[in-house]
$ cat protein16.pdb   # PDB, C-alpha atoms, pLDDT in the B column
ATOM      1  CA  MET V   1     -11.505 -11.410  -2.553  1.00 46.00           C
ATOM      2  CA  ASP V   2     -14.845  -9.599  -2.437  1.00 52.00           C
ATOM      3  CA  SER V   3     -15.533  -7.246  -5.357  1.00 79.00           C
ATOM      4  CA  LEU V   4     -15.677  -4.336  -2.903  1.00 86.00           C
ATOM      5  CA  ASP V   5     -12.062  -5.060  -1.999  1.00 92.00           C
ATOM      6  CA  ARG V   6     -10.911  -4.894  -5.646  1.00 92.00           C
ATOM      7  CA  GLN V   7     -13.105  -2.321  -7.483  1.00 95.00           C
ATOM      8  CA  THR V   8     -11.058  -2.977 -10.612  1.00 96.00           C
ATOM      9  CA  ALA V   9     -13.485  -1.259 -12.981  1.00 95.00           C
ATOM     10  CA  TYR V  10     -13.113   2.016 -11.097  1.00 95.00           C
ATOM     11  CA  TRP V  11      -9.307   1.963 -11.108  1.00 96.00           C
ATOM     12  CA  ASP V  12      -9.262   1.069 -14.804  1.00 96.00           C
ATOM     13  CA  ARG V  13     -11.577   3.995 -15.514  1.00 96.00           C
ATOM     14  CA  VAL V  14      -9.511   6.591 -13.642  1.00 95.00           C
ATOM     15  CA  ALA V  15      -6.054   5.209 -14.493  1.00 95.00           C
ATOM     16  CA  GLY V  16      -5.239   8.065 -16.835  1.00 89.00           C
ATOM     17  CA  GLU V  17      -6.718  10.752 -14.561  1.00 90.00           C
ATOM     18  CA  LYS V  18      -5.442  10.220 -11.024  1.00 84.00           C
ATOM     19  CA  ARG V  19      -1.997  11.312  -9.893  1.00 86.00           C
ATOM     20  CA  PHE V  20      -0.882   9.730  -6.644  1.00 87.00           C
ATOM     21  CA  SER V  21       1.268  11.706  -4.219  1.00 84.00           C
ATOM     22  CA  ASN V  22       1.825   9.442  -1.209  1.00 89.00           C
ATOM     23  CA  PRO V  23       5.592   9.908  -0.802  1.00 91.00           C
ATOM     24  CA  LEU V  24       8.494   7.529  -0.320  1.00 93.00           C
ATOM     25  CA  ASP V  25      10.921   8.397   2.472  1.00 91.00           C
ATOM     26  CA  GLU V  26      13.948   8.122   0.186  1.00 94.00           C
ATOM     27  CA  SER V  27      16.653   8.647   2.795  1.00 94.00           C
ATOM     28  CA  ARG V  28      15.211   6.119   5.238  1.00 94.00           C
ATOM     29  CA  PHE V  29      14.551   3.630   2.454  1.00 96.00           C
ATOM     30  CA  ALA V  30      18.102   3.951   1.146  1.00 96.00           C
ATOM     31  CA  ARG V  31      19.521   3.286   4.619  1.00 96.00           C
ATOM     32  CA  LEU V  32      17.472   0.118   5.018  1.00 97.00           C
ATOM     33  CA  VAL V  33      17.407  -1.306   1.491  1.00 98.00           C
ATOM     34  CA  PRO V  34      20.582  -1.746  -0.628  1.00 97.00           C
ATOM     35  CA  LYS V  35      20.591  -0.872  -4.329  1.00 97.00           C
ATOM     36  CA  SER V  36      20.975  -4.569  -5.198  1.00 97.00           C
ATOM     37  CA  ALA V  37      17.694  -5.484  -3.461  1.00 98.00           C
ATOM     38  CA  ARG V  38      14.844  -7.236  -5.226  1.00 98.00           C
ATOM     39  CA  ILE V  39      11.835  -4.995  -4.592  1.00 98.00           C
ATOM     40  CA  LEU V  40       8.085  -5.593  -5.004  1.00 98.00           C
ATOM     41  CA  ASP V  41       5.702  -2.628  -5.269  1.00 98.00           C
ATOM     42  CA  LEU V  42       2.379  -4.207  -4.298  1.00 98.00           C
ATOM     43  CA  GLY V  43      -0.416  -2.036  -5.685  1.00 97.00           C
ATOM     44  CA  CYS V  44       1.939  -0.146  -7.963  1.00 97.00           C
ATOM     45  CA  GLY V  45      -0.695   1.798  -9.917  1.00 96.00           C
ATOM     46  CA  TYR V  46       0.881   3.419 -12.973  1.00 97.00           C
ATOM     47  CA  GLY V  47       4.390   2.705 -11.668  1.00 97.00           C
ATOM     48  CA  ARG V  48       5.176   6.014  -9.981  1.00 96.00           C
ATOM     49  CA  LEU V  49       7.238   4.604  -7.118  1.00 97.00           C
ATOM     50  CA  CYS V  50       9.011   2.060  -9.287  1.00 98.00           C
ATOM     51  CA  GLY V  51      10.060   4.928 -11.540  1.00 97.00           C
ATOM     52  CA  GLN V  52      11.258   6.906  -8.525  1.00 97.00           C
ATOM     53  CA  LEU V  53      13.287   3.949  -7.258  1.00 98.00           C
ATOM     54  CA  LEU V  54      14.761   3.454 -10.721  1.00 97.00           C
ATOM     55  CA  GLU V  55      16.017   7.043 -10.641  1.00 97.00           C
ATOM     56  CA  LEU V  56      17.576   6.351  -7.225  1.00 97.00           C
ATOM     57  CA  GLY V  57      19.618   3.483  -8.671  1.00 97.00           C
ATOM     58  CA  TYR V  58      17.417   0.465  -7.906  1.00 98.00           C
ATOM     59  CA  ASN V  59      16.801  -1.722 -10.942  1.00 95.00           C
ATOM     60  CA  ASN V  60      15.482  -5.075  -9.694  1.00 98.00           C
ATOM     61  CA  LEU V  61      11.897  -3.847  -9.472  1.00 98.00           C
ATOM     62  CA  THR V  62       8.539  -5.572  -9.907  1.00 98.00           C
ATOM     63  CA  GLY V  63       5.126  -3.899  -9.779  1.00 98.00           C
ATOM     64  CA  LEU V  64       1.780  -5.637  -9.235  1.00 98.00           C
ATOM     65  CA  ASP V  65      -1.668  -4.084  -9.478  1.00 97.00           C
ATOM     66  CA  ILE V  66      -5.246  -5.335  -9.839  1.00 97.00           C
ATOM     67  CA  SER V  67      -5.953  -2.817 -12.621  1.00 97.00           C
ATOM     68  CA  PRO V  68      -4.944  -3.918 -16.125  1.00 97.00           C
ATOM     69  CA  GLU V  69      -5.169  -0.311 -17.308  1.00 97.00           C
ATOM     70  CA  MET V  70      -2.826   0.893 -14.563  1.00 97.00           C
ATOM     71  CA  ILE V  71      -0.360  -1.830 -15.535  1.00 98.00           C
ATOM     72  CA  ARG V  72      -0.631  -0.872 -19.204  1.00 98.00           C
ATOM     73  CA  LEU V  73       0.234   2.735 -18.345  1.00 97.00           C
ATOM     74  CA  ALA V  74       3.100   1.640 -16.086  1.00 97.00           C
ATOM     75  CA  GLY V  75       4.557  -0.414 -18.921  1.00 97.00           C
ATOM     76  CA  GLU V  76       4.394   2.575 -21.260  1.00 97.00           C
ATOM     77  CA  LEU V  77       6.031   4.903 -18.744  1.00 97.00           C
ATOM     78  CA  TYR V  78       8.752   2.494 -17.608  1.00 97.00           C
ATOM     79  CA  PRO V  79       9.207  -0.129 -20.331  1.00 97.00           C
ATOM     80  CA  THR V  80      12.361  -1.636 -18.805  1.00 96.00           C
ATOM     81  CA  LEU V  81      10.598  -2.678 -15.590  1.00 97.00           C
ATOM     82  CA  ASP V  82       8.493  -5.734 -14.759  1.00 98.00           C
ATOM     83  CA  PHE V  83       4.799  -4.898 -14.285  1.00 98.00           C
ATOM     84  CA  ARG V  84       2.098  -7.549 -13.920  1.00 98.00           C
ATOM     85  CA  VAL V  85      -1.637  -7.721 -13.228  1.00 98.00           C
ATOM     86  CA  LEU V  86      -2.505  -9.258  -9.864  1.00 96.00           C
ATOM     87  CA  ALA V  87      -5.449 -11.443 -10.823  1.00 92.00           C
ATOM     88  CA  GLY V  88      -6.247 -13.069  -7.461  1.00 89.00           C
ATOM     89  CA  ASP V  89      -5.473 -12.961  -3.765  1.00 90.00           C
ATOM     90  CA  ARG V  90      -2.147 -14.801  -4.045  1.00 95.00           C
ATOM     91  CA  ILE V  91       0.992 -12.965  -5.118  1.00 97.00           C
ATOM     92  CA  PRO V  92       2.361 -14.943  -8.096  1.00 96.00           C
ATOM     93  CA  PHE V  93       5.836 -15.475  -6.629  1.00 97.00           C
ATOM     94  CA  GLY V  94       7.407 -18.042  -4.351  1.00 97.00           C
ATOM     95  CA  ASP V  95       8.200 -17.668  -0.692  1.00 97.00           C
ATOM     96  CA  ALA V  96      10.966 -15.367   0.557  1.00 97.00           C
ATOM     97  CA  GLY V  97      11.976 -14.003  -2.837  1.00 97.00           C
ATOM     98  CA  PHE V  98      12.000 -10.238  -2.195  1.00 98.00           C
ATOM     99  CA  ASP V  99      14.259  -8.053  -0.077  1.00 98.00           C
ATOM    100  CA  ALA V 100      11.637  -5.301   0.260  1.00 98.00           C
ATOM    101  CA  VAL V 101       7.888  -4.905  -0.274  1.00 98.00           C
ATOM    102  CA  LEU V 102       6.112  -1.567  -0.673  1.00 98.00           C
ATOM    103  CA  ILE V 103       2.396  -1.164   0.114  1.00 98.00           C
ATOM    104  CA  VAL V 104       1.656   2.506  -0.510  1.00 97.00           C
ATOM    105  CA  ALA V 105      -1.909   3.897  -0.379  1.00 95.00           C
ATOM    106  CA  VAL V 106      -3.244   0.381  -0.946  1.00 97.00           C
ATOM    107  CA  LEU V 107      -4.989  -0.395   2.339  1.00 97.00           C
ATOM    108  CA  THR V 108      -7.214   2.628   1.751  1.00 96.00           C
ATOM    109  CA  CYS V 109      -8.480   0.906  -1.403  1.00 96.00           C
ATOM    110  CA  ILE V 110      -9.404  -2.303   0.483  1.00 97.00           C
ATOM    111  CA  PRO V 111     -12.387  -1.809   2.818  1.00 96.00           C
ATOM    112  CA  GLY V 112     -12.531  -5.348   4.249  1.00 96.00           C
ATOM    113  CA  ASP V 113     -10.629  -6.665   7.281  1.00 96.00           C
ATOM    114  CA  ASP V 114     -10.053 -10.136   5.843  1.00 96.00           C
ATOM    115  CA  ALA V 115      -8.780  -8.794   2.529  1.00 96.00           C
ATOM    116  CA  GLN V 116      -6.341  -6.473   4.307  1.00 97.00           C
ATOM    117  CA  LYS V 117      -5.086  -9.358   6.439  1.00 97.00           C
ATOM    118  CA  ARG V 118      -4.553 -11.532   3.342  1.00 97.00           C
ATOM    119  CA  LEU V 119      -2.630  -8.779   1.618  1.00 97.00           C
ATOM    120  CA  ILE V 120      -0.249  -8.310   4.545  1.00 98.00           C
ATOM    121  CA  SER V 121       0.105 -12.078   4.979  1.00 97.00           C
ATOM    122  CA  GLU V 122       1.025 -12.482   1.316  1.00 98.00           C
ATOM    123  CA  ALA V 123       3.503  -9.622   1.543  1.00 98.00           C
ATOM    124  CA  ARG V 124       5.150 -11.337   4.484  1.00 98.00           C
ATOM    125  CA  ARG V 125       5.228 -14.671   2.671  1.00 98.00           C
ATOM    126  CA  VAL V 126       7.186 -13.339  -0.301  1.00 98.00           C
ATOM    127  CA  LEU V 127       9.536 -11.252   1.863  1.00 98.00           C
ATOM    128  CA  LYS V 128      12.897 -12.714   2.879  1.00 97.00           C
ATOM    129  CA  PRO V 129      13.713 -13.043   6.596  1.00 97.00           C
ATOM    130  CA  GLY V 130      15.236  -9.722   7.553  1.00 97.00           C
ATOM    131  CA  GLY V 131      13.525  -8.070   4.583  1.00 98.00           C
ATOM    132  CA  VAL V 132      11.873  -4.668   4.845  1.00 98.00           C
ATOM    133  CA  ILE V 133       8.193  -3.794   4.457  1.00 98.00           C
ATOM    134  CA  PHE V 134       7.165  -0.186   3.857  1.00 98.00           C
ATOM    135  CA  VAL V 135       3.496   0.647   4.445  1.00 98.00           C
ATOM    136  CA  SER V 136       2.227   4.169   3.862  1.00 97.00           C
ATOM    137  CA  ASP V 137      -1.455   5.005   4.183  1.00 97.00           C
ATOM    138  CA  TYR V 138      -4.175   7.168   5.679  1.00 97.00           C
ATOM    139  CA  PRO V 139      -5.164   6.910   9.338  1.00 98.00           C
ATOM    140  CA  ILE V 140      -8.574   8.099  10.463  1.00 98.00           C
ATOM    141  CA  GLN V 141      -8.523  11.866   9.975  1.00 97.00           C
ATOM    142  CA  SER V 142      -9.672  14.426  12.539  1.00 97.00           C
ATOM    143  CA  ASP V 143     -10.969  17.194  10.236  1.00 96.00           C
ATOM    144  CA  ASP V 144     -14.672  17.975   9.921  1.00 97.00           C
ATOM    145  CA  ARG V 145     -14.957  16.928   6.244  1.00 95.00           C
ATOM    146  CA  ASN V 146     -13.675  13.432   6.892  1.00 97.00           C
ATOM    147  CA  GLN V 147     -15.461  13.010  10.205  1.00 98.00           C
ATOM    148  CA  ALA V 148     -18.764  13.865   8.513  1.00 98.00           C
ATOM    149  CA  ARG V 149     -18.382  11.220   5.836  1.00 97.00           C
ATOM    150  CA  TYR V 150     -17.217   8.631   8.367  1.00 98.00           C
ATOM    151  CA  ARG V 151     -20.459   9.180  10.267  1.00 98.00           C
ATOM    152  CA  GLU V 152     -22.529   9.124   7.071  1.00 98.00           C
ATOM    153  CA  PHE V 153     -21.370   5.636   6.101  1.00 98.00           C
ATOM    154  CA  GLU V 154     -20.586   4.071   9.485  1.00 97.00           C
ATOM    155  CA  LYS V 155     -23.859   2.156   9.747  1.00 97.00           C
ATOM    156  CA  LYS V 156     -23.770   0.956   6.146  1.00 97.00           C
ATOM    157  CA  TYR V 157     -20.279  -0.540   6.447  1.00 96.00           C
ATOM    158  CA  ASP V 158     -20.333  -1.235  10.195  1.00 95.00           C
ATOM    159  CA  ARG V 159     -16.996   0.513  10.641  1.00 94.00           C
ATOM    160  CA  LEU V 160     -15.774   4.027  11.314  1.00 96.00           C
ATOM    161  CA  GLY V 161     -13.478   5.168   8.535  1.00 98.00           C
ATOM    162  CA  VAL V 162     -15.076   3.522   5.482  1.00 98.00           C
ATOM    163  CA  PHE V 163     -16.744   5.952   3.091  1.00 97.00           C
ATOM    164  CA  GLU V 164     -17.939   6.380  -0.486  1.00 97.00           C
ATOM    165  CA  LEU V 165     -16.831   8.987  -3.004  1.00 95.00           C
ATOM    166  CA  PRO V 166     -19.406  10.338  -5.486  1.00 94.00           C
ATOM    167  CA  GLU V 167     -17.156   9.235  -8.359  1.00 92.00           C
ATOM    168  CA  GLY V 168     -17.914   5.622  -7.539  1.00 94.00           C
ATOM    169  CA  VAL V 169     -15.385   4.074  -5.164  1.00 96.00           C
ATOM    170  CA  VAL V 170     -15.406   2.914  -1.540  1.00 97.00           C
ATOM    171  CA  LEU V 171     -12.319   3.831   0.497  1.00 97.00           C
ATOM    172  CA  ARG V 172     -11.114   3.215   4.033  1.00 98.00           C
ATOM    173  CA  HIS V 173      -9.045   5.230   6.459  1.00 98.00           C
ATOM    174  CA  GLN V 174      -7.337   3.097   9.070  1.00 97.00           C
ATOM    175  CA  ASP V 175      -7.704   2.828  12.812  1.00 97.00           C
ATOM    176  CA  MET V 176      -4.112   2.736  14.049  1.00 97.00           C
ATOM    177  CA  GLY V 177      -4.910  -0.017  16.538  1.00 97.00           C
ATOM    178  CA  TRP V 178      -5.988  -2.168  13.601  1.00 97.00           C
ATOM    179  CA  VAL V 179      -2.845  -1.266  11.674  1.00 98.00           C
ATOM    180  CA  GLY V 180      -0.767  -2.369  14.643  1.00 97.00           C
ATOM    181  CA  GLU V 181      -2.626  -5.683  14.692  1.00 98.00           C
ATOM    182  CA  ILE V 182      -2.140  -6.586  11.040  1.00 98.00           C
ATOM    183  CA  LEU V 183       1.508  -5.486  11.077  1.00 98.00           C
ATOM    184  CA  SER V 184       2.314  -7.264  14.351  1.00 97.00           C
ATOM    185  CA  PRO V 185       4.200 -10.127  12.618  1.00 96.00           C
ATOM    186  CA  PHE V 186       6.884  -7.572  11.710  1.00 98.00           C
ATOM    187  CA  ARG V 187       9.413  -5.840  13.918  1.00 97.00           C
ATOM    188  CA  GLN V 188       8.841  -2.099  13.743  1.00 97.00           C
ATOM    189  CA  LEU V 189      11.843  -0.126  12.530  1.00 97.00           C
ATOM    190  CA  ASP V 190      10.249   3.298  12.152  1.00 96.00           C
ATOM    191  CA  LEU V 191       6.872   5.032  12.247  1.00 97.00           C
ATOM    192  CA  ALA V 192       6.181   8.615  11.214  1.00 96.00           C
ATOM    193  CA  ILE V 193       3.147  10.824  10.583  1.00 96.00           C
ATOM    194  CA  ARG V 194       3.370  13.152   7.579  1.00 95.00           C
ATOM    195  CA  ASP V 195       1.227  15.752   5.816  1.00 94.00           C
ATOM    196  CA  VAL V 196       0.266  15.041   2.193  1.00 91.00           C
ATOM    197  CA  VAL V 197      -2.218  15.957  -0.512  1.00 87.00           C
ATOM    198  CA  THR V 198      -4.616  13.191  -1.591  1.00 86.00           C
ATOM    199  CA  MET V 199      -5.315  12.043  -5.163  1.00 81.00           C
ATOM    200  CA  ASN V 200      -8.290  14.441  -5.136  1.00 82.00           C
ATOM    201  CA  GLY V 201      -6.301  17.419  -3.898  1.00 84.00           C
ATOM    202  CA  HIS V 202      -7.198  17.475  -0.193  1.00 87.00           C
ATOM    203  CA  ALA V 203      -4.767  17.945   2.683  1.00 92.00           C
ATOM    204  CA  ALA V 204      -4.438  14.822   4.835  1.00 94.00           C
ATOM    205  CA  LYS V 205      -2.272  12.989   7.346  1.00 96.00           C
ATOM    206  CA  ILE V 206      -0.563   9.708   6.514  1.00 97.00           C
ATOM    207  CA  PHE V 207       1.388   7.183   8.555  1.00 97.00           C
ATOM    208  CA  GLN V 208       4.602   5.678   7.181  1.00 97.00           C
ATOM    209  CA  TYR V 209       5.752   2.407   8.692  1.00 98.00           C
ATOM    210  CA  PHE V 210       8.979   0.497   8.128  1.00 98.00           C
ATOM    211  CA  GLY V 211       9.120  -3.035   9.486  1.00 98.00           C
ATOM    212  CA  GLU V 212      11.374  -6.064   9.310  1.00 98.00           C
ATOM    213  CA  LYS V 213      10.311  -9.652   8.728  1.00 98.00           C
ATOM    214  CA  VAL V 214      11.313 -11.681  11.756  1.00 91.00           C
ATOM    215  CA  ASN V 215      11.313 -15.413  12.326  1.00 74.00           C
ATOM    216  CA  PRO V 216       8.326 -16.857  14.220  1.00 63.00           C
ATOM    217  CA  SER V 217      10.406 -16.843  17.407  1.00 51.00           C
ATOM    218  CA  GLY V 218      11.312 -13.175  16.913  1.00 47.00           C
ATOM    219  CA  ILE V 219       9.746 -10.254  18.734  1.00 45.00           C
ATOM    220  CA  SER V 220       6.915  -8.544  16.877  1.00 44.00           C
ATOM    221  CA  GLY V 221       6.825  -4.787  16.686  1.00 46.00           C
ATOM    222  CA  VAL V 222       4.119  -2.571  18.192  1.00 45.00           C
ATOM    223  CA  LEU V 223       2.958   0.703  16.681  1.00 51.00           C
ATOM    224  CA  CYS V 224       3.476   3.532  19.129  1.00 40.00           C
TER     225      CYS V 224
END

$ encode --input "protein16.pdb" --output "structure tokens"
Amino acid sequence: MDSLDRQTAYWDRVAGEKRFSNPLDESRFARLVPKSARILDLGCGYGRLCGQLLELGYNNLTGLDISPEMIRLAGELYPTLDFRVLAGDRIPFGDAGFDAVLIVAVLTCIPGDDAQKRLISEARRVLKPGGVIFVSDYPIQSDDRNQARYREFEKKYDRLGVFELPEGVVLRHQDMGWVGEILSPFRQLDLAIRDVVTMNGHAAKIFQYFGEKVNPSGISGVLC
């Protein structure tokens, strides 16, 4: 994976400063995923969602993140859970071992198409047939502040939606057509748009997608 698609040094540096707020739809998740499920939080940060799921009664939880400092903090906050550093592109688990995979505010941290595709492919690989994927992230925003920075960096990154923050990180907001493409191997169960506050305190829209892993002969879902 290209260094731009990891940016580990940045996430290590801000691990103790940032507070993530991208929410989990608890009621929908509980309807789709039983308490006995084996769950992977891919890009878990400091373990916020794993801790939330633990409070809801889930206890077979694993968190992976590229940032060793994030993982260290997660282990301190939730010492009974399994947190590991994701050192490469491949998730360090066998095929079809998880009942649910969460990918929350992770695509925004990965500017490259190929790296995003690999992430989703790996998530699908480790998910059981019939298992649930939950993807929550930022679509391209319509407000003036975001539109201005999209235009500022569009030529540099050859894509609308990729931008730099002054604090030293490159982020990406997603074209929903692209999201539909990379999630097409799954059958869509639900899609919602919600209002949130970003890690830097700005109002934003997010999409929240629930999908099901289907067999190759199954019908793939379409975002709509």

$ closest_atom_pairs --input "protein16.pdb" --of "segment 51-167 of chain V" --to "segment 23-42 of chain V" --cutoff "7 Å" --atoms "only C-alpha atoms" --output "JSON lines"
{"residue": "V:Gly57", "atom": "CA", "partner": "V:Lys35", "partner_atom": "CA", "distance": 6.2}
{"residue": "V:Tyr58", "atom": "CA", "partner": "V:Lys35", "partner_atom": "CA", "distance": 5.0}
{"residue": "V:Asn60", "atom": "CA", "partner": "V:Arg38", "partner_atom": "CA", "distance": 5.0}
{"residue": "V:Leu61", "atom": "CA", "partner": "V:Ile39", "partner_atom": "CA", "distance": 5.0}
{"residue": "V:Thr62", "atom": "CA", "partner": "V:Leu40", "partner_atom": "CA", "distance": 4.9}
{"residue": "V:Gly63", "atom": "CA", "partner": "V:Asp41", "partner_atom": "CA", "distance": 4.7}
{"residue": "V:Leu64", "atom": "CA", "partner": "V:Leu42", "partner_atom": "CA", "distance": 5.2}
{"residue": "V:Asp65", "atom": "CA", "partner": "V:Leu42", "partner_atom": "CA", "distance": 6.6}
{"residue": "V:Phe98", "atom": "CA", "partner": "V:Arg38", "partner_atom": "CA", "distance": 5.1}
{"residue": "V:Asp99", "atom": "CA", "partner": "V:Arg38", "partner_atom": "CA", "distance": 5.2}
{"residue": "V:Ala100", "atom": "CA", "partner": "V:Ile39", "partner_atom": "CA", "distance": 4.9}
{"residue": "V:Val101", "atom": "CA", "partner": "V:Leu40", "partner_atom": "CA", "distance": 4.8}
{"residue": "V:Leu102", "atom": "CA", "partner": "V:Asp41", "partner_atom": "CA", "distance": 4.7}
{"residue": "V:Ile103", "atom": "CA", "partner": "V:Leu42", "partner_atom": "CA", "distance": 5.4}

$ closest_residue --input "protein16.pdb" --among "V:Arg118, V:Arg84, V:Lys128, V:Arg194" --to "Ile66 of chain V" --atoms "all atoms listed in the file"
V:Arg84

$ resolve_selection --input "protein16.pdb" --expression "the PyMOL selection byres ((chain V and resi 176) around 9)" --output "number ranges by chain"
V: 139-140, 174-175, 177-181, 207, 223

$ resolve_selection --input "protein16.pdb" --expression "the PyMOL selection byres ((chain V and resi 49) around 10)" --output "ChimeraX atom specification"
/V:20-24,41,44-48,50-55,61,63,102,104

$ atom_distance --input "protein16.pdb" --atom1 "atom CA of Gly130 of chain V" --atom2 "atom CA of Asn215 of chain V"
8.4 Å

$ closest_residue --input "protein16.pdb" --among "V:Leu183, V:Met70, V:Val106, V:Leu4" --to "Arg124 of chain V" --atoms "all atoms listed in the file"
V:Leu183

$ residues_around --input "protein16.pdb" --residues "Tyr209 of chain V" --least-positions-apart "6" --cutoff "8 Å" --atoms "all atoms listed in the file" --output "ChimeraX atom specification"
/V:133-136,188-192

$ resolve_selection --input "protein16.pdb" --expression "the PyMOL selection byres ((chain V and resi 90) around 12)" --output "VMD selection string"
chain V and resid 1 42 64 66 85 to 89 91 to 95 115 118 to 126

$ write_last_selection --input "protein16.pdb" --atoms "C-alpha atoms" --output "mmCIF file, in the coordinates of the input"
data_model
loop_
_atom_site.group_PDB
_atom_site.id
_atom_site.type_symbol
_atom_site.label_atom_id
_atom_site.label_comp_id
_atom_site.auth_asym_id
_atom_site.auth_seq_id
_atom_site.Cartn_x
_atom_site.Cartn_y
_atom_site.Cartn_z
ATOM 1 C CA MET V 1 -11.505 -11.410 -2.553
ATOM 2 C CA LEU V 42 2.379 -4.207 -4.298
ATOM 3 C CA LEU V 64 1.780 -5.637 -9.235
ATOM 4 C CA ILE V 66 -5.246 -5.335 -9.839
ATOM 5 C CA VAL V 85 -1.637 -7.721 -13.228
ATOM 6 C CA LEU V 86 -2.505 -9.258 -9.864
ATOM 7 C CA ALA V 87 -5.449 -11.443 -10.823
ATOM 8 C CA GLY V 88 -6.247 -13.069 -7.461
ATOM 9 C CA ASP V 89 -5.473 -12.961 -3.765
ATOM 10 C CA ILE V 91 0.992 -12.965 -5.118
ATOM 11 C CA PRO V 92 2.361 -14.943 -8.096
ATOM 12 C CA PHE V 93 5.836 -15.475 -6.629
ATOM 13 C CA GLY V 94 7.407 -18.042 -4.351
ATOM 14 C CA ASP V 95 8.200 -17.668 -0.692
ATOM 15 C CA ALA V 115 -8.780 -8.794 2.529
ATOM 16 C CA ARG V 118 -4.553 -11.532 3.342
ATOM 17 C CA LEU V 119 -2.630 -8.779 1.618
ATOM 18 C CA ILE V 120 -0.249 -8.310 4.545
ATOM 19 C CA SER V 121 0.105 -12.078 4.979
ATOM 20 C CA GLU V 122 1.025 -12.482 1.316
ATOM 21 C CA ALA V 123 3.503 -9.622 1.543
ATOM 22 C CA ARG V 124 5.150 -11.337 4.484
ATOM 23 C CA ARG V 125 5.228 -14.671 2.671
ATOM 24 C CA VAL V 126 7.186 -13.339 -0.301
#

$ residues_around --input "protein16.pdb" --residues "Arg151 of chain V" --least-positions-apart "4" --cutoff "8 Å" --atoms "all atoms listed in the file" --output "number ranges by chain"
V: 147, 155, 160

$ closest_residue --input "protein16.pdb" --among "V:Trp11, V:Ala96, V:Glu17, V:Asn59" --to "Asp82 of chain V" --atoms "only C-alpha atoms"
V:Asn59

$ build_atoms --input "protein16.pdb" --residues "segment 13-26 of chain V" --atoms "N, CA and C atoms" --output "mmCIF file, in the coordinates of the input"
data_model
loop_
_atom_site.group_PDB
_atom_site.id
_atom_site.type_symbol
_atom_site.label_atom_id
_atom_site.label_comp_id
_atom_site.auth_asym_id
_atom_site.auth_seq_id
_atom_site.Cartn_x
_atom_site.Cartn_y
_atom_site.Cartn_z
ATOM 1 N N ARG V 13 -10.950 2.803 -14.943
ATOM 2 C CA ARG V 13 -11.577 3.995 -15.514
ATOM 3 C C ARG V 13 -10.786 5.267 -15.219
ATOM 4 N N VAL V 14 -10.198 5.345 -14.029
ATOM 5 C CA VAL V 14 -9.511 6.591 -13.642
ATOM 6 C C VAL V 14 -7.990 6.510 -13.811
ATOM 7 N N ALA V 15 -7.507 5.425 -14.411
ATOM 8 C CA ALA V 15 -6.054 5.209 -14.493
ATOM 9 C C ALA V 15 -5.323 6.375 -15.139
ATOM 10 N N GLY V 16 -5.909 6.968 -16.152
ATOM 11 C CA GLY V 16 -5.239 8.065 -16.835
ATOM 12 C C GLY V 16 -5.499 9.426 -16.220
ATOM 13 N N GLU V 17 -6.321 9.479 -15.155
ATOM 14 C CA GLU V 17 -6.718 10.752 -14.561
ATOM 15 C C GLU V 17 -6.049 11.034 -13.219
ATOM 16 N N LYS V 18 -5.922 10.014 -12.387
ATOM 17 C CA LYS V 18 -5.442 10.220 -11.024
ATOM 18 C C LYS V 18 -3.923 10.322 -10.997
ATOM 19 N N ARG V 19 -3.431 11.189 -10.132
ATOM 20 C CA ARG V 19 -1.997 11.312 -9.893
ATOM 21 C C ARG V 19 -1.765 11.138 -8.400
ATOM 22 N N PHE V 20 -1.094 10.071 -8.045
ATOM 23 C CA PHE V 20 -0.882 9.730 -6.644
ATOM 24 C C PHE V 20 0.310 10.503 -6.089
ATOM 25 N N SER V 21 0.230 10.851 -4.802
ATOM 26 C CA SER V 21 1.268 11.706 -4.219
ATOM 27 C C SER V 21 1.809 11.175 -2.898
ATOM 28 N N ASN V 22 1.345 10.014 -2.463
ATOM 29 C CA ASN V 22 1.825 9.442 -1.209
ATOM 30 C C ASN V 22 3.328 9.204 -1.333
ATOM 31 N N PRO V 23 4.162 9.876 -0.522
ATOM 32 C CA PRO V 23 5.592 9.908 -0.802
ATOM 33 C C PRO V 23 6.361 8.703 -0.261
ATOM 34 N N LEU V 24 7.530 8.494 -0.830
ATOM 35 C CA LEU V 24 8.494 7.529 -0.320
ATOM 36 C C LEU V 24 9.548 8.285 0.477
ATOM 37 N N ASP V 25 9.844 7.803 1.664
ATOM 38 C CA ASP V 25 10.921 8.397 2.472
ATOM 39 C C ASP V 25 12.234 7.868 1.895
ATOM 40 N N GLU V 26 12.795 8.613 0.942
ATOM 41 C CA GLU V 26 13.948 8.122 0.186
ATOM 42 C C GLU V 26 15.165 7.882 1.066
#
